[in-house]
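A.B. asks: Here you go, model-v7.pdb (PDB, C-alpha atoms):
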MODEL        1
ATOM      1  CA  MET A  22       2.744 -25.457 -21.060  1.00  0.00           C
ATOM      2  CA  SER A  23       5.761 -27.313 -22.344  1.00  0.00           C
ATOM      3  CA  ALA A  24       5.407 -31.077 -22.132  1.00  0.00           C
ATOM      4  CA  THR A  25       8.922 -31.426 -20.687  1.00  0.00           C
ATOM      5  CA  VAL A  26       8.728 -28.909 -17.823  1.00  0.00           C
ATOM      6  CA  ASP A  27       6.920 -29.352 -14.534  1.00  0.00           C
ATOM      7  CA  SER A  28       5.157 -26.204 -13.280  1.00  0.00           C
ATOM      8  CA  ASP A  29       6.822 -26.727  -9.885  1.00  0.00           C
ATOM      9  CA  GLN A  30      10.200 -25.990 -11.512  1.00  0.00           C
ATOM     10  CA  ALA A  31       8.996 -22.713 -13.044  1.00  0.00           C
ATOM     11  CA  THR A  32       9.577 -19.108 -12.057  1.00  0.00           C
ATOM     12  CA  ARG A  33       6.607 -16.752 -12.330  1.00  0.00           C
ATOM     13  CA  VAL A  34       7.579 -13.771 -14.488  1.00  0.00           C
ATOM     14  CA  CYS A  35       4.381 -11.731 -14.276  1.00  0.00           C
ATOM     15  CA  ALA A  36       0.643 -11.851 -14.891  1.00  0.00           C
ATOM     16  CA  SER A  37      -0.109 -12.579 -18.546  1.00  0.00           C
ATOM     17  CA  ASP A  38      -1.753  -9.186 -19.071  1.00  0.00           C
ATOM     18  CA  GLU A  39       1.309  -7.368 -17.669  1.00  0.00           C
ATOM     19  CA  LEU A  40       3.444  -8.299 -20.700  1.00  0.00           C
ATOM     20  CA  ALA A  41       1.874  -6.684 -23.742  1.00  0.00           C
ATOM     21  CA  PRO A  42       2.747  -7.501 -27.358  1.00  0.00           C
ATOM     22  CA  GLY A  43       6.035  -5.839 -28.300  1.00  0.00           C
ATOM     23  CA  GLU A  44       7.305  -5.746 -24.697  1.00  0.00           C
ATOM     24  CA  MET A  45      10.042  -7.586 -22.849  1.00  0.00           C
ATOM     25  CA  ARG A  46      10.932  -8.127 -19.206  1.00  0.00           C
ATOM     26  CA  ALA A  47      14.175  -9.009 -17.424  1.00  0.00           C
ATOM     27  CA  VAL A  48      13.988 -11.800 -14.839  1.00  0.00           C
ATOM     28  CA  SER A  49      16.428 -14.079 -13.033  1.00  0.00           C
ATOM     29  CA  LEU A  50      16.354 -17.858 -12.813  1.00  0.00           C
ATOM     30  CA  GLY A  51      18.626 -18.173  -9.815  1.00  0.00           C
ATOM     31  CA  ARG A  52      21.930 -16.787 -11.115  1.00  0.00           C
ATOM     32  CA  LEU A  53      20.873 -17.001 -14.772  1.00  0.00           C
ATOM     33  CA  PRO A  54      19.721 -13.674 -16.241  1.00  0.00           C
ATOM     34  CA  ALA A  55      16.851 -14.027 -18.712  1.00  0.00           C
ATOM     35  CA  VAL A  56      14.724 -11.801 -20.895  1.00  0.00           C
ATOM     36  CA  VAL A  57      11.124 -12.771 -21.665  1.00  0.00           C
ATOM     37  CA  ILE A  58       9.673 -11.295 -24.851  1.00  0.00           C
ATOM     38  CA  ARG A  59       6.113 -11.156 -26.149  1.00  0.00           C
ATOM     39  CA  LEU A  60       6.209 -10.476 -29.872  1.00  0.00           C
ATOM     40  CA  ARG A  61       3.533  -8.456 -31.620  1.00  0.00           C
ATOM     41  CA  ASP A  62       1.853 -11.688 -32.728  1.00  0.00           C
ATOM     42  CA  GLY A  63       1.427 -12.607 -29.033  1.00  0.00           C
ATOM     43  CA  SER A  64       3.993 -15.417 -28.991  1.00  0.00           C
ATOM     44  CA  LEU A  65       6.308 -15.717 -25.990  1.00  0.00           C
ATOM     45  CA  HIS A  66      10.065 -16.267 -26.188  1.00  0.00           C
ATOM     46  CA  ALA A  67      12.848 -16.307 -23.608  1.00  0.00           C
ATOM     47  CA  LEU A  68      16.594 -15.950 -24.018  1.00  0.00           C
ATOM     48  CA  VAL A  69      19.600 -15.553 -21.766  1.00  0.00           C
ATOM     49  CA  ASN A  70      19.811 -11.823 -21.045  1.00  0.00           C
ATOM     50  CA  ARG A  71      23.477 -11.439 -21.951  1.00  0.00           C
ATOM     51  CA  CYS A  72      24.942 -10.457 -25.324  1.00  0.00           C
ATOM     52  CA  LEU A  73      27.532 -12.899 -26.670  1.00  0.00           C
ATOM     53  CA  HIS A  74      29.853 -10.019 -27.586  1.00  0.00           C
ATOM     54  CA  HIS A  75      30.524  -8.244 -24.258  1.00  0.00           C
ATOM     55  CA  GLY A  76      27.717  -9.423 -21.971  1.00  0.00           C
ATOM     56  CA  ALA A  77      25.389  -6.424 -22.250  1.00  0.00           C
ATOM     57  CA  PRO A  78      21.890  -6.882 -20.793  1.00  0.00           C
ATOM     58  CA  LEU A  79      19.761  -7.458 -23.890  1.00  0.00           C
ATOM     59  CA  SER A  80      16.614  -6.441 -22.014  1.00  0.00           C
ATOM     60  CA  ARG A  81      17.914  -2.862 -22.298  1.00  0.00           C
ATOM     61  CA  GLY A  82      18.174  -3.217 -26.070  1.00  0.00           C
ATOM     62  CA  ARG A  83      15.644  -2.561 -28.794  1.00  0.00           C
ATOM     63  CA  LEU A  84      13.039  -4.960 -30.079  1.00  0.00           C
ATOM     64  CA  GLY A  85      12.066  -4.623 -33.735  1.00  0.00           C
ATOM     65  CA  HIS A  86      12.617  -6.058 -37.181  1.00  0.00           C
ATOM     66  CA  ALA A  87      15.983  -7.240 -38.413  1.00  0.00           C
ATOM     67  CA  SER A  88      17.890  -4.819 -40.617  1.00  0.00           C
ATOM     68  CA  HIS A  89      19.850  -5.821 -43.677  1.00  0.00           C
ATOM     69  CA  GLY A  90      22.210  -3.843 -45.898  1.00  0.00           C
ATOM     70  CA  ARG A  91      20.984  -3.419 -49.455  1.00  0.00           C
ATOM     71  CA  ASP A  92      22.723  -1.133 -51.923  1.00  0.00           C
ATOM     72  CA  GLY A  93      25.720   0.202 -50.038  1.00  0.00           C
ATOM     73  CA  VAL A  94      26.967   1.841 -46.884  1.00  0.00           C
ATOM     74  CA  GLY A  95      24.143   3.334 -44.854  1.00  0.00           C
ATOM     75  CA  ASP A  96      21.395   1.739 -46.951  1.00  0.00           C
ATOM     76  CA  TYR A  97      19.588  -0.569 -44.548  1.00  0.00           C
ATOM     77  CA  ARG A  98      16.089  -2.002 -44.809  1.00  0.00           C
ATOM     78  CA  ASP A  99      13.880  -3.682 -42.244  1.00  0.00           C
ATOM     79  CA  GLU A 100      13.309  -7.397 -42.739  1.00  0.00           C
ATOM     80  CA  GLU A 101       9.785  -7.689 -41.354  1.00  0.00           C
ATOM     81  CA  SER A 102       9.767 -11.497 -41.326  1.00  0.00           C
ATOM     82  CA  VAL A 103      12.443 -11.582 -38.588  1.00  0.00           C
ATOM     83  CA  SER A 104      11.816 -10.233 -35.072  1.00  0.00           C
ATOM     84  CA  ALA A 105      15.158  -9.052 -33.734  1.00  0.00           C
ATOM     85  CA  LEU A 106      16.533  -7.986 -30.394  1.00  0.00           C
ATOM     86  CA  ARG A 107      19.361  -5.457 -30.769  1.00  0.00           C
ATOM     87  CA  CYS A 108      22.094  -5.216 -28.142  1.00  0.00           C
ATOM     88  CA  PRO A 109      22.194  -1.772 -26.487  1.00  0.00           C
ATOM     89  CA  TRP A 110      25.994  -1.562 -26.501  1.00  0.00           C
ATOM     90  CA  HIS A 111      27.237  -2.507 -29.979  1.00  0.00           C
ATOM     91  CA  GLY A 112      24.135  -3.362 -31.988  1.00  0.00           C
ATOM     92  CA  TYR A 113      24.472  -7.138 -32.291  1.00  0.00           C
ATOM     93  CA  GLU A 114      21.114  -8.438 -33.503  1.00  0.00           C
ATOM     94  CA  TYR A 115      19.522 -11.707 -32.435  1.00  0.00           C
ATOM     95  CA  ASP A 116      16.556 -13.517 -33.956  1.00  0.00           C
ATOM     96  CA  VAL A 117      14.108 -13.645 -31.037  1.00  0.00           C
ATOM     97  CA  ARG A 118      12.591 -16.951 -32.168  1.00  0.00           C
ATOM     98  CA  THR A 119      15.891 -18.863 -32.527  1.00  0.00           C
ATOM     99  CA  GLY A 120      18.413 -16.921 -30.425  1.00  0.00           C
ATOM    100  CA  CYS A 121      20.801 -16.891 -33.414  1.00  0.00           C
ATOM    101  CA  THR A 122      22.875 -13.841 -34.280  1.00  0.00           C
ATOM    102  CA  LEU A 123      21.805 -12.415 -37.615  1.00  0.00           C
ATOM    103  CA  PHE A 124      25.371 -12.126 -38.890  1.00  0.00           C
ATOM    104  CA  ASP A 125      26.298 -15.755 -38.078  1.00  0.00           C
ATOM    105  CA  PRO A 126      23.489 -18.267 -37.436  1.00  0.00           C
ATOM    106  CA  SER A 127      25.962 -20.718 -35.852  1.00  0.00           C
ATOM    107  CA  ARG A 128      26.320 -18.326 -32.880  1.00  0.00           C
ATOM    108  CA  ARG A 129      23.285 -18.331 -30.640  1.00  0.00           C
ATOM    109  CA  LEU A 130      21.948 -17.406 -27.250  1.00  0.00           C
ATOM    110  CA  ARG A 131      20.529 -20.098 -25.029  1.00  0.00           C
ATOM    111  CA  ARG A 132      16.754 -20.276 -25.321  1.00  0.00           C
ATOM    112  CA  LEU A 133      14.639 -20.930 -22.254  1.00  0.00           C
ATOM    113  CA  THR A 134      11.195 -22.469 -21.880  1.00  0.00           C
ATOM    114  CA  VAL A 135       8.386 -19.942 -21.420  1.00  0.00           C
ATOM    115  CA  TRP A 136       4.621 -20.453 -21.387  1.00  0.00           C
ATOM    116  CA  GLU A 137       1.341 -19.149 -20.009  1.00  0.00           C
ATOM    117  CA  GLU A 138      -0.696 -20.977 -17.400  1.00  0.00           C
ATOM    118  CA  ASP A 139      -3.580 -19.815 -15.201  1.00  0.00           C
ATOM    119  CA  GLY A 140      -3.098 -16.165 -16.136  1.00  0.00           C
ATOM    120  CA  SER A 141       0.665 -16.106 -15.477  1.00  0.00           C
ATOM    121  CA  VAL A 142       3.779 -16.104 -17.649  1.00  0.00           C
ATOM    122  CA  LEU A 143       6.098 -18.881 -16.414  1.00  0.00           C
ATOM    123  CA  LEU A 144       9.753 -19.520 -17.169  1.00  0.00           C
ATOM    124  CA  ALA A 145      12.025 -22.542 -16.726  1.00  0.00           C
ATOM    125  CA  PRO A 146      15.620 -23.317 -17.757  1.00  0.00           C
TER     126      PRO A 146
ENDMDL
END
I'd like the structure from this file rewritten - as structure tokens, please.

C.D. replies:
Amino acid sequence: MSATVDSDQATRVCASDELAPGEMRAVSLGRLPAVVIRLRDGSLHALVNRCLHHGAPLSRGRLGHASHGRDGVGDYRDEESVSALRCPWHGYEYDVRTGCTLFDPSRRLRRLTVWEEDGSVLLAP
């Protein structure tokens, strides 16, 4: 658990075993939409579930590796060191660990606090 968040302020997302590696789940913290992600390495991350571009629900996007252009138009390669969440509407990519857009690291989604406790995944603002 995070040292700065009291469990009484948390929202239960699901049982820990209900969010497998490589999966994500949409949840609401009051009026704040969030997406909770368990990466393939088992780590948990949570971001606001709204693309910065036009507000698309990122939980309907695709989770994978970042893609980078290499030798010209149409030549893209996966960057396996970066776990990315791709917007379902226009393809904006976000680094899951930082919330930053891949095209401009100064633009970022709000990250939320997520942890596991007593067999549950918990989320707090």

A.B. asks: What residues come out when you apply the PyMOL selection byres ((chain A and resi 70) around 8) to this file, written as a PyMOL selection string?

C.D. replies: chain A and resi 47+54-56+68-69+71-72+77-80

A.B. asks: Listing only residues of segment 44-107 of chain A within 10 Å of segment 113-132 of chain A, what is the closest atom pair and its distance in Å (to one decimal) for each, using only C-alpha atoms, sorted by chain and residue number ascending, as a Markdown table?

C.D. replies:
| residue | atom | partner | partner_atom | distance |
| --- | --- | --- | --- | --- |
| A:Ala55 | CA | A:Arg132 | CA | 9.1 |
| A:Val56 | CA | A:Arg132 | CA | 9.8 |
| A:Val57 | CA | A:Val117 | CA | 9.9 |
| A:Ile58 | CA | A:Val117 | CA | 8.0 |
| A:Arg59 | CA | A:Val117 | CA | 9.7 |
| A:Leu60 | CA | A:Val117 | CA | 8.6 |
| A:Ser64 | CA | A:Arg118 | CA | 9.3 |
| A:Leu65 | CA | A:Arg118 | CA | 8.9 |
| A:His66 | CA | A:Arg118 | CA | 6.5 |
| A:Ala67 | CA | A:Arg132 | CA | 5.8 |
| A:Leu68 | CA | A:Arg132 | CA | 4.5 |
| A:Val69 | CA | A:Arg131 | CA | 5.7 |
| A:Asn70 | CA | A:Leu130 | CA | 8.6 |
| A:Arg71 | CA | A:Leu130 | CA | 8.1 |
| A:Cys72 | CA | A:Tyr113 | CA | 7.7 |
| A:Leu73 | CA | A:Leu130 | CA | 7.2 |
| A:His74 | CA | A:Tyr113 | CA | 7.7 |
| A:Leu79 | CA | A:Tyr115 | CA | 9.5 |
| A:Gly82 | CA | A:Glu114 | CA | 9.5 |
| A:Arg83 | CA | A:Glu114 | CA | 9.3 |
| A:Leu84 | CA | A:Val117 | CA | 8.8 |
| A:Gly85 | CA | A:Val117 | CA | 9.6 |
| A:His86 | CA | A:Asp116 | CA | 9.0 |
| A:Ala87 | CA | A:Glu114 | CA | 7.2 |
| A:Ser88 | CA | A:Glu114 | CA | 8.6 |
| A:His89 | CA | A:Leu123 | CA | 9.2 |
| A:Val103 | CA | A:Asp116 | CA | 6.5 |
| A:Ser104 | CA | A:Val117 | CA | 5.8 |
| A:Ala105 | CA | A:Asp116 | CA | 4.7 |
| A:Leu106 | CA | A:Tyr115 | CA | 5.2 |
| A:Arg107 | CA | A:Glu114 | CA | 4.4 |

A.B. asks: Those same residues, written as a PDB file, in the frame of the given file with C-alpha atoms?

C.D. replies:
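Below you can see again-v1.pdb, which holds the result:
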ATOM      1  CA  ALA A  55      16.851 -14.027 -18.712  1.00  0.00           C
ATOM      2  CA  VAL A  56      14.724 -11.801 -20.895  1.00  0.00           C
ATOM      3  CA  VAL A  57      11.124 -12.771 -21.665  1.00  0.00           C
ATOM      4  CA  ILE A  58       9.673 -11.295 -24.851  1.00  0.00           C
ATOM      5  CA  ARG A  59       6.113 -11.156 -26.149  1.00  0.00           C
ATOM      6  CA  LEU A  60       6.209 -10.476 -29.872  1.00  0.00           C
ATOM      7  CA  SER A  64       3.993 -15.417 -28.991  1.00  0.00           C
ATOM      8  CA  LEU A  65       6.308 -15.717 -25.990  1.00  0.00           C
ATOM      9  CA  HIS A  66      10.065 -16.267 -26.188  1.00  0.00           C
ATOM     10  CA  ALA A  67      12.848 -16.307 -23.608  1.00  0.00           C
ATOM     11  CA  LEU A  68      16.594 -15.950 -24.018  1.00  0.00           C
ATOM     12  CA  VAL A  69      19.600 -15.553 -21.766  1.00  0.00           C
ATOM     13  CA  ASN A  70      19.811 -11.823 -21.045  1.00  0.00           C
ATOM     14  CA  ARG A  71      23.477 -11.439 -21.951  1.00  0.00           C
ATOM     15  CA  CYS A  72      24.942 -10.457 -25.324  1.00  0.00           C
ATOM     16  CA  LEU A  73      27.532 -12.899 -26.670  1.00  0.00           C
ATOM     17  CA  HIS A  74      29.853 -10.019 -27.586  1.00  0.00           C
ATOM     18  CA  LEU A  79      19.761  -7.458 -23.890  1.00  0.00           C
ATOM     19  CA  GLY A  82      18.174  -3.217 -26.070  1.00  0.00           C
ATOM     20  CA  ARG A  83      15.644  -2.561 -28.794  1.00  0.00           C
ATOM     21  CA  LEU A  84      13.039  -4.960 -30.079  1.00  0.00           C
ATOM     22  CA  GLY A  85      12.066  -4.623 -33.735  1.00  0.00           C
ATOM     23  CA  HIS A  86      12.617  -6.058 -37.181  1.00  0.00           C
ATOM     24  CA  ALA A  87      15.983  -7.240 -38.413  1.00  0.00           C
ATOM     25  CA  SER A  88      17.890  -4.819 -40.617  1.00  0.00           C
ATOM     26  CA  HIS A  89      19.850  -5.821 -43.677  1.00  0.00           C
ATOM     27  CA  VAL A 103      12.443 -11.582 -38.588  1.00  0.00           C
ATOM     28  CA  SER A 104      11.816 -10.233 -35.072  1.00  0.00           C
ATOM     29  CA  ALA A 105      15.158  -9.052 -33.734  1.00  0.00           C
ATOM     30  CA  LEU A 106      16.533  -7.986 -30.394  1.00  0.00           C
ATOM     31  CA  ARG A 107      19.361  -5.457 -30.769  1.00  0.00           C
TER      32      ARG A 107
END

A.B. asks: If I take atom CA of Gly51 of chain A and atom CA of Cys108 of chain A, how far is one from the other in Å, to one decimal?

C.D. replies: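 The value is 22.7 Å.
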
A.B. asks: Figure out the distance between atom CA of Arg46 of chain A and atom CA of Ala31 of chain A, please, to one decimal in Å.

C.D. replies: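 Atom CA of Arg46 of chain A lies at a distance of 16.0 Å from atom CA of Ala31 of chain A.
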
A.B. asks: Given the choices A:His75, A:Ser37, A:Pro146, A:Ser141, which gets closest to Arg52 of chain A if the distance is worked out from only C-alpha atoms?

C.D. replies: A:Pro146

A.B. asks: Could you tell me how far atom CA of Leu50 of chain A sits from atom CA of Gln30 of chain A, in Å to one decimal place?

C.D. replies: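 Atom CA of Leu50 of chain A lies at a distance of 10.3 Å from atom CA of Gln30 of chain A.
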
A.B. asks: From the options A:Asp29, A:Val48, A:Glu100, A:Leu40, which residue's atoms come nearest to Gly140 of chain A, counting only C-alpha atoms?

C.D. replies: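 Of A:Asp29, A:Val48, A:Glu100, A:Leu40, the one nearest Gly140 of chain A is A:Leu40, counting only C-alpha atoms.
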
A.B. asks: Extract, using only C-alpha atoms, all DNA, RNA and protein residues at most 7 Å from Val34 of chain A, discarding same-chain residues fewer than 5 positions from it, and format them as a short mmCIF file (atom, residue, chain, number, x, y, z; two decimals) with C-alpha atoms, in the frame of the given file.

C.D. replies:
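As a result, result29.cif now contains:
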data_model
loop_
_atom_site.label_atom_id
_atom_site.label_comp_id
_atom_site.auth_asym_id
_atom_site.auth_seq_id
_atom_site.Cartn_x
_atom_site.Cartn_y
_atom_site.Cartn_z
CA VAL A 48 13.99 -11.80 -14.84
CA VAL A 142 3.78 -16.10 -17.65
CA LEU A 143 6.10 -18.88 -16.41
CA LEU A 144 9.75 -19.52 -17.17
#

A.B. asks: With distances taken over only C-alpha atoms, which residue among A:Glu138, A:Leu133, A:Gly76, A:Ser102 lies nearest Arg33 of chain A?

C.D. replies: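 Counting only C-alpha atoms, the residue closest to Arg33 of chain A is A:Glu138.
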
A.B. asks: Measuring atom to atom with all atoms listed in the file, identify which of A:Thr134, A:Arg81, A:Asp62, A:Pro109 is nearest to Pro42 of chain A.

C.D. replies: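 Between A:Thr134, A:Arg81, A:Asp62, A:Pro109, the residue approaching Pro42 of chain A most closely is A:Asp62.
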